[in-house]
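A.B. asks: My structure file entry-v1.txt, compact mmCIF, C-alpha atoms, is below:
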# COMPACT_ATOMS: atom_id res chain seq x y z
CA MET I 230 39.33 79.05 128.76
CA GLN I 231 39.48 82.09 126.51
CA HIS I 232 35.81 82.79 127.05
CA ARG I 233 36.00 82.74 130.84
CA ALA I 234 39.53 84.06 131.28
CA VAL I 235 39.63 86.79 128.63
CA PHE I 236 36.15 87.56 127.37
CA SER I 237 34.82 88.06 130.92
CA HIS I 238 37.43 90.80 131.47
CA MET I 239 36.53 92.43 128.17
CA ILE I 240 32.80 92.42 128.87
CA THR I 241 33.28 93.92 132.33
CA SER I 242 35.45 96.70 130.92
CA TYR I 243 33.09 97.23 128.00
CA TYR I 244 30.37 98.24 130.45
CA GLY I 245 32.55 99.80 133.17
CA ALA I 246 34.99 101.93 131.17
CA PRO I 247 32.35 104.29 129.69
CA MET I 248 31.13 105.15 133.20
CA LEU I 249 34.68 105.98 134.30
CA LYS I 250 35.30 107.99 131.12
CA LYS I 251 32.14 109.99 131.76
CA ARG I 252 33.25 110.98 135.27
CA LYS I 253 36.83 111.48 134.01
CA SER I 254 38.49 109.40 136.71
CA GLY I 255 38.86 105.84 137.83
CA LEU I 256 40.91 102.71 137.93
CA ILE I 257 40.42 99.38 136.19
CA ILE I 258 42.28 96.50 137.80
CA GLU I 259 42.76 93.30 135.86
CA ILE I 260 43.71 90.36 138.08
CA THR I 261 45.98 87.90 136.31
CA ASP I 262 49.03 85.70 136.69
CA GLY I 263 52.60 86.60 135.88
CA LEU I 264 54.47 89.77 135.12
CA ASN I 265 55.16 89.49 131.43
CA TYR I 266 54.44 87.75 128.16
CA ASP I 267 56.57 84.67 128.88
CA TYR I 268 55.16 81.27 127.98
CA ARG I 269 53.50 79.58 130.97
CA GLY I 270 53.77 75.92 129.92
CA ASN I 271 50.36 75.54 128.25
CA LEU I 272 49.26 77.42 125.14
CA TYR I 273 45.70 78.20 126.23
CA TYR I 274 46.61 79.13 129.81
CA SER I 275 49.51 81.26 128.60
CA LEU I 276 47.33 83.00 126.02
CA ALA I 277 44.63 83.74 128.60
CA LYS I 278 47.03 85.21 131.15
CA THR I 279 49.07 87.30 128.73
CA SER I 280 45.88 88.54 127.06
CA VAL I 281 44.73 90.06 130.35
CA ILE I 282 48.08 91.81 130.78
CA HIS I 283 47.78 93.19 127.25
CA LEU I 284 44.17 94.21 127.86
CA ALA I 285 45.25 96.34 130.83
CA THR I 286 48.13 97.85 128.85
CA ALA I 287 45.89 98.72 125.92
CA MET I 288 43.12 100.15 128.08
CA ALA I 289 45.66 102.26 129.97
CA ALA I 290 46.72 103.81 126.67
CA ASP I 291 43.15 104.26 125.41
CA LEU I 292 41.82 105.74 128.66
CA ARG I 293 44.76 107.95 129.65
CA ASP I 294 43.17 111.11 128.20
CA PHE I 295 40.11 110.49 130.38
CA ASN I 296 42.17 110.26 133.61
CA VAL I 297 41.30 106.57 133.90
CA ALA I 298 44.10 104.16 134.74
CA ALA I 299 44.20 100.45 133.99
CA ILE I 300 46.65 98.02 135.52
CA ALA I 301 47.25 94.29 135.68
CA LEU I 302 47.64 93.12 139.26
CA THR I 303 49.16 89.75 140.02
CA PRO I 304 48.64 88.11 143.38
CA GLY I 305 51.04 85.48 144.58
CA PHE I 306 50.06 81.86 145.17
CA LEU I 307 46.42 82.57 146.01
CA ARG I 308 44.85 80.70 148.92
CA SER I 309 41.37 80.73 147.40
CA GLU I 310 38.42 78.67 148.59
CA ALA I 311 39.17 76.14 145.84
CA MET I 312 42.79 75.88 146.96
CA LEU I 313 41.80 75.43 150.61
CA GLU I 314 39.43 72.66 149.56
CA HIS I 315 42.12 71.03 147.40
CA PHE I 316 44.50 70.91 150.37
CA GLY I 317 41.75 69.85 152.78
CA VAL I 318 42.25 72.82 155.10
CA THR I 319 40.41 75.96 156.16
CA GLU I 320 41.66 79.51 156.48
CA GLU I 321 42.12 78.85 160.20
CA THR I 322 44.10 75.63 159.62
CA CYS I 323 45.86 76.67 156.41
CA GLN I 324 49.37 76.10 157.80
CA GLU I 325 48.60 72.37 157.78
CA GLY I 326 48.56 72.61 153.96
CA ALA I 327 52.34 73.03 154.05
CA ARG I 328 52.61 69.45 155.28
CA LYS I 329 51.19 68.33 151.92
CA ASP I 330 53.12 70.87 149.84
CA PRO I 331 55.83 73.09 151.35
CA HIS I 332 55.03 75.85 148.83
CA PHE I 333 51.56 76.23 150.35
CA ILE I 334 53.02 78.13 153.31
CA ALA I 335 53.79 81.02 150.93
CA SER I 336 50.20 81.25 149.75
CA GLU I 337 48.29 84.48 150.19
CA THR I 338 44.75 85.03 151.31
CA PRO I 339 42.56 86.92 148.80
CA TRP I 340 42.19 89.54 151.53
CA TYR I 341 45.85 90.46 151.01
CA ILE I 342 45.47 91.67 147.43
CA GLY I 343 42.12 93.26 148.28
CA ARG I 344 43.76 95.20 151.07
CA ALA I 345 46.50 96.40 148.68
CA VAL I 346 43.83 97.89 146.45
CA SER I 347 41.83 99.48 149.26
CA ILE I 348 44.90 101.04 150.91
CA THR I 349 45.57 103.02 147.74
CA GLY I 350 42.10 104.49 147.98
CA CYS I 351 40.97 102.63 144.89
CA GLY I 352 38.28 100.75 146.75
CA SER I 353 36.42 103.86 147.85
Go through the file and emit its structure as structure tokens.
C.D. replies:
Amino acid sequence: MQHRAVFSHMITSYYGAPMLKKRKSGLIIEITDGLNYDYRGNLYYSLAKTSVIHLATAMAADLRDFNVAAIALTPGFLRSEAMLEHFGVTEETCQEGARKDPHFIASETPWYIGRAVSITGCGS
């Protein structure tokens, strides 16, 4: 879990941050879960998610002088392809998932968080 959930973020930033530093502008967005360092009910899951928050915080401090920002962005209950498959629904029939679990109705499409990033001009 640490390799895929933390190391993958570090490797991406290892190669991406120098390019942003060179052009003296940019934004690094770390997608994670949760808003803080609270325990999430499982040591390895909790460590992975809080590590990504800390990674964004540390990079923001390290890259500030280069006009590069880093943030941790947390989507809500994400209606990913895996989640649609788990509930046996499609994007078009996703409301039927609420019949299996009432919390599913509050799920968000990945397009929602992507749109939030692109509206700020970060996607251009």
A.B. asks: Select, from I:Gly317, I:Gly255, I:Gly245, I:Gly343, the residue with the minimum atom-to-atom distance to Ala299 of chain I, counting all atoms listed in the file.
C.D. replies: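 For Ala299 of chain I, the nearest of the candidates is I:Gly255.
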A.B. asks: Do you have the atom CA of Pro304 of chain I-atom CA of Glu337 of chain I distance handy?
C.D. replies: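 About the pair atom CA of Pro304 of chain I and atom CA of Glu337 of chain I: they are 7.7 Å apart.
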A.B. asks: Fewer than 6 positions away in the same chain doesn't count, so skip those; otherwise give me all residues within 6 Å of segment 279-289 of chain I, counting all atoms listed in the file, as a ChimeraX atom specification.
C.D. replies: /I:266,298-301
A.B. asks: Write out as a list in words which residues come within 10 Å of segment 324-331 of chain I when counting all atoms listed in the file, dropping same-chain ones fewer than 6 positions away.
C.D. replies: Met312, Leu313, His315, Phe316, Gly317 and Val318 of chain I
A.B. asks: Which residues, written as JSON, numbers by chain, have at least one atom at most 12 Å from Leu307 of chain I, with only C-alpha atoms counted and residues fewer than 3 positions away on the same chain left out?
C.D. replies: {"I": [260, 261, 262, 303, 304, 310, 311, 312, 313, 320, 323, 332, 333, 334, 335, 336, 337, 338, 339, 340, 341, 342, 343]}
A.B. asks: Find the smallest box with edges along x, y and z containing every listed atom of segment 326-340 of chain I, then add 5 Å on each side and report centre and edge lengths in Å to one decimal, as AutoDock Vina command-line options.
C.D. replies:
--center_x 49.0 --center_y 78.9 --center_z 152.0 --size_x 23.6 --size_y 31.2 --size_z 16.5
A.B. asks: Using atom CA of Gly270 of chain I and atom CA of His232 of chain I as the two end points, give the distance in Å to one decimal.
C.D. replies: 19.4 Å
A.B. asks: What is the atom CA of Ala234 of chain I to atom CA of Ser309 of chain I distance in Å?
C.D. replies: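 Atom-to-atom, atom CA of Ala234 of chain I to atom CA of Ser309 of chain I, that is 16.6 Å.
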A.B. asks: With all atoms listed in the file as the basis for distance, which of I:Tyr268, I:Phe295, I:Phe236, I:Tyr273 is at the shortest distance from Lys251 of chain I?
C.D. replies: I:Phe295
A.B. asks: Compare I:Ile258, I:Met230, I:Tyr244, I:Arg293 by their minimum atom-to-atom distance to Tyr274 of chain I, counting all atoms listed in the file, and give me the closest one.
C.D. replies: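 Residue with the minimum atom-to-atom distance to Tyr274 of chain I: I:Met230.
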A.B. asks: Which residue is closest to Ser242 of chain I? Choose from I:Gly263, I:Val297, I:Ala277, I:Asn271 and count all atoms listed in the file.
C.D. replies: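 Ranked by minimum distance to Ser242 of chain I, first place goes to I:Val297.
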A.B. asks: Measuring between all atoms listed in the file, which one of I:Arg344, I:Gln231, I:Ala246, I:Arg252 shows the shortest distance to Asp291 of chain I?
C.D. replies: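 Under the stated criterion, the closest residue is I:Ala246.
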